[in-house]
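What follows is input-v3.tsv (TSV, C-alpha atoms).
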chain	number	residue	atom	x	y	z
A	1	MET	CA	2.94	-8.43	-17.74
A	2	SER	CA	3.75	-9.07	-14.12
A	3	GLN	CA	1.85	-7.75	-11.14
A	4	TYR	CA	3.47	-5.98	-8.21
A	5	MET	CA	2.28	-4.80	-4.84
A	6	LEU	CA	3.43	-1.36	-3.79
A	7	ALA	CA	3.00	-1.47	-0.02
A	8	VAL	CA	2.81	1.98	1.56
A	9	TYR	CA	4.28	1.96	5.03
A	10	SER	CA	3.50	4.23	7.94
A	11	THR	CA	4.64	4.36	11.53
A	12	ASP	CA	2.83	4.98	14.76
A	13	GLU	CA	5.20	7.86	15.47
A	14	PRO	CA	3.50	11.25	15.53
A	15	ARG	CA	3.96	13.41	12.43
A	16	GLU	CA	3.68	17.13	12.06
A	17	PRO	CA	-0.03	17.80	11.47
A	18	MET	CA	-0.92	18.91	7.95
A	19	THR	CA	-3.10	21.90	7.22
A	20	ASP	CA	-6.28	21.34	5.21
A	21	GLU	CA	-4.58	23.00	2.25
A	22	GLU	CA	-1.57	20.66	2.49
A	23	MET	CA	-3.89	17.65	2.70
A	24	GLN	CA	-5.87	18.74	-0.35
A	25	ARG	CA	-2.67	19.36	-2.29
A	26	GLY	CA	-1.38	15.91	-1.30
A	27	PHE	CA	-4.64	14.22	-2.33
A	28	ALA	CA	-4.49	16.05	-5.66
A	29	VAL	CA	-0.93	14.87	-6.35
A	30	VAL	CA	-1.80	11.25	-5.48
A	31	HIS	CA	-4.94	11.47	-7.63
A	32	GLU	CA	-2.82	12.76	-10.53
A	33	ILE	CA	-0.39	9.83	-10.18
A	34	GLU	CA	-3.27	7.34	-10.03
A	35	GLU	CA	-4.78	8.89	-13.18
A	36	GLU	CA	-1.40	8.52	-14.86
A	37	MET	CA	-1.33	4.85	-13.77
A	38	HIS	CA	-4.84	4.36	-15.19
A	39	ALA	CA	-3.84	5.96	-18.50
A	40	ALA	CA	-0.86	3.60	-18.72
A	41	ASN	CA	-3.10	0.59	-17.88
A	42	ALA	CA	-0.86	-0.05	-14.86
A	43	LEU	CA	-3.25	0.40	-11.93
A	44	VAL	CA	-5.17	-2.73	-10.98
A	45	TYR	CA	-6.32	-1.59	-7.52
A	46	SER	CA	-5.37	0.77	-4.74
A	47	GLY	CA	-6.59	1.02	-1.19
A	48	ARG	CA	-5.94	2.89	2.01
A	49	LEU	CA	-6.24	1.06	5.30
A	50	LEU	CA	-7.72	2.28	8.57
A	51	GLU	CA	-5.53	2.42	11.66
A	52	PRO	CA	-4.06	-0.87	12.97
A	53	ALA	CA	-6.22	-0.71	16.10
A	54	ARG	CA	-9.18	-1.57	13.82
A	55	ALA	CA	-7.53	-4.81	12.60
A	56	LYS	CA	-8.58	-8.31	13.60
A	57	VAL	CA	-6.49	-11.48	13.34
A	58	VAL	CA	-8.18	-14.79	12.53
A	59	ARG	CA	-6.20	-17.85	13.58
A	60	PRO	CA	-6.55	-21.38	12.11
A	61	ARG	CA	-8.90	-23.77	13.92
A	62	ARG	CA	-6.12	-26.31	14.40
A	63	ARG	CA	-4.36	-23.65	16.49
A	64	GLY	CA	-7.31	-22.71	18.62
A	65	GLY	CA	-9.35	-20.95	15.96
A	66	LYS	CA	-9.98	-17.65	17.58
A	67	THR	CA	-10.23	-14.05	16.45
A	68	THR	CA	-8.18	-11.48	18.30
A	69	ASP	CA	-7.64	-7.77	18.04
A	70	GLY	CA	-4.82	-6.90	15.64
A	71	PRO	CA	-2.53	-6.06	14.17
A	72	PHE	CA	-0.81	-9.42	13.78
A	73	ALA	CA	2.76	-8.12	13.77
A	74	GLU	CA	4.17	-6.07	16.59
A	75	THR	CA	6.26	-3.62	14.66
A	76	LYS	CA	6.79	0.11	14.35
A	77	GLU	CA	6.16	0.10	10.59
A	78	LEU	CA	2.73	-0.96	9.38
A	79	ILE	CA	1.07	-1.12	5.99
A	80	GLY	CA	-1.10	1.97	5.61
A	81	GLY	CA	-2.22	1.23	2.07
A	82	PHE	CA	-1.21	-0.45	-1.15
A	83	TYR	CA	-1.33	-0.45	-4.90
A	84	ILE	CA	-1.58	-3.49	-7.14
A	85	ILE	CA	-0.03	-2.62	-10.48
A	86	GLU	CA	0.85	-4.34	-13.73
A	87	ALA	CA	4.26	-3.57	-15.15
A	88	PRO	CA	6.47	-5.13	-17.82
A	89	ASP	CA	9.43	-5.33	-15.41
A	90	LEU	CA	10.71	-4.47	-11.95
A	91	ASP	CA	12.30	-1.22	-13.13
A	92	THR	CA	8.90	0.07	-14.27
A	93	ALA	CA	7.30	-0.97	-10.96
A	94	LEU	CA	10.10	0.84	-9.10
A	95	ALA	CA	9.50	3.95	-11.20
A	96	TRP	CA	5.81	4.00	-10.19
A	97	ALA	CA	6.78	3.47	-6.54
A	98	SER	CA	9.25	6.33	-6.78
A	99	LYS	CA	6.52	8.70	-7.97
A	100	VAL	CA	4.21	7.70	-5.13
A	101	THR	CA	6.85	7.81	-2.39
A	102	ASP	CA	7.98	11.27	-3.51
A	103	ALA	CA	4.36	12.46	-3.39
A	104	ILE	CA	3.55	11.09	0.06
A	105	ASP	CA	6.99	11.13	1.71
A	106	THR	CA	6.57	7.59	3.01
A	107	PRO	CA	8.55	4.40	2.25
A	108	ILE	CA	7.11	1.95	-0.27
A	109	GLU	CA	8.00	-1.73	-0.54
A	110	VAL	CA	7.76	-3.15	-4.06
A	111	ARG	CA	7.09	-6.87	-4.19
A	112	PRO	CA	6.27	-9.01	-7.24
A	113	PHE	CA	3.39	-11.45	-7.15
A	114	MET	CA	4.18	-15.08	-7.74
A	115	ASP	CA	3.33	-16.22	-11.26
A	116	VAL	CA	0.77	-19.01	-11.06
A	117	PRO	CA	0.55	-21.23	-14.15
A	118	ASN	CA	-2.84	-21.57	-15.90
A	119	ARG	CA	-4.26	-18.50	-14.25

Mind converting the file's structure to structure tokens?
Amino acid sequence: MSQYMLAVYSTDEPREPMTDEEMQRGFAVVHEIEEEMHAANALVYSGRLLEPARAKVVRPRRRGGKTTDGPFAETKELIGGFYIIEAPDLDTALAWASKVTDAIDTPIEVRPFMDVPNR
């Protein structure tokens, strides 16, 4: 089986605030999808990231070796969280991403991990 990263993107643009009830419903739907992933032995790991203002960037010593406030990329779309999944093929990984993106109404990038021999 191959591993894929499902990168959940967010923007810094303001969104309509959610009510507590909407948030709880959203968390419940995501939890249900993650339970389904567990049951299918697909979910390796998932994580949600704090806001980009909390990021730090560590640069190589040969380039001055300093740590600066992040994020590294200056872009409107930033990774807000991710899933690492195992799937037999890209179509299956895309199907999982489709379930998540429908639940959270946010774009998801699906990217395969490089296969490393003898690992």

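Of the residues under consideration (A:Val100, A:Ser46, A:Asn118, A:Thr106), A:Val100 shows the shortest atom-to-atom contact distance to A:Glu32 when counting all atoms listed in the file.
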
### Message
Can you measure atom CA of A:Val110 to atom CA of A:Arg15 for me? One decimal in Å is fine.
### Response
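It comes out at 23.7 Å.
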
At a cut-off of 6 Å, can you tabulate as a tab-separated table every residue of stretch 31-60 of chain A near stretch 79-89 of chain A together with its closest atom pair and the distance in Å to one decimal, using all atoms listed in the file and ordering rows by chain then number?
residue	atom	partner	partner_atom	distance
A:Ala42	CA	A:Glu86	CA	4.8
A:Leu43	CA	A:Ile85	CA	4.6
A:Val44	CA	A:Ile85	CA	5.2
A:Tyr45	CA	A:Ile84	CA	5.1
A:Ser46	CA	A:Tyr83	CA	4.2
A:Gly47	CA	A:Gly81	CA	5.5
A:Arg48	CA	A:Gly81	CA	4.1
A:Leu49	CA	A:Gly81	CA	5.2

### Message
When you count all atoms listed in the file, which of these residues is closest to A:Glu51: A:Glu34, A:Glu77, A:Met1, A:Val29?
### Response
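The closest residue to A:Glu51 is A:Glu77.
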
### Query
How far is it from atom CA of A:Asp105 to atom CA of A:Asp20, in Å with one decimal?
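Computing the Euclidean distance for atom CA of A:Asp105 and atom CA of A:Asp20 yields 17.1 Å.
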
### Query
Which is closer to A:Gln3 than all the others in A:Thr92, A:Arg25, A:Asp102, A:Ala39, using only C-alpha atoms?
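With only C-alpha atoms as the atom set, the closest residue is A:Thr92.
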
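Distances here use all atoms listed in the file; by that measure, the residue among A:Met18, A:Arg62, A:Trp96, A:Ala28 closest to A:Ala40 is A:Trp96.
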
### Query
What does the distance between atom CA of A:Lys76 and atom CA of A:Glu13 come to in Å, to one decimal place?
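Atom-to-atom, atom CA of A:Lys76 and atom CA of A:Glu13 are spaced 8.0 Å apart.
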
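The nearest approach to A:Leu50 among the residues A:Ser10, A:Gln24, A:Gly65, A:Val116, with only C-alpha atoms taken into account, belongs to A:Ser10.
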
### Query
Counting only C-alpha atoms, what is within 8 Å of A:Phe113, bar same-chain residues fewer than 5 positions away, as a list in words?
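These residues fall inside the cut-off: Ser2, Gln3, Tyr4 and Met5 of chain A.
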
Prev. selection, C-alpha atoms, output as a PDB file, in the coordinates of the input:
ATOM      1  CA  SER A   2       3.750  -9.070 -14.120  1.00  0.00           C
ATOM      2  CA  GLN A   3       1.850  -7.750 -11.140  1.00  0.00           C
ATOM      3  CA  TYR A   4       3.470  -5.980  -8.210  1.00  0.00           C
ATOM      4  CA  MET A   5       2.280  -4.800  -4.840  1.00  0.00           C
TER       5      MET A   5
END

Can you pull out the residues contacting A:Lys99? Cut-off 8 Å, using all atoms listed in the file, and skip same-chain residues under 4 positions away; I want them as a PDB file with C-alpha atoms, in the frame of the given file.
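Result file follows (out_6.pdb):
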ATOM      1  CA  ILE A  33      -0.390   9.830 -10.180  1.00  0.00           C
ATOM      2  CA  ALA A  95       9.500   3.950 -11.200  1.00  0.00           C
ATOM      3  CA  ALA A 103       4.360  12.460  -3.390  1.00  0.00           C
TER       4      ALA A 103
END

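Closest approach to A:Thr68 among A:Arg54, A:Ala97, A:Pro112, A:Pro107: A:Arg54, based on only C-alpha atoms.
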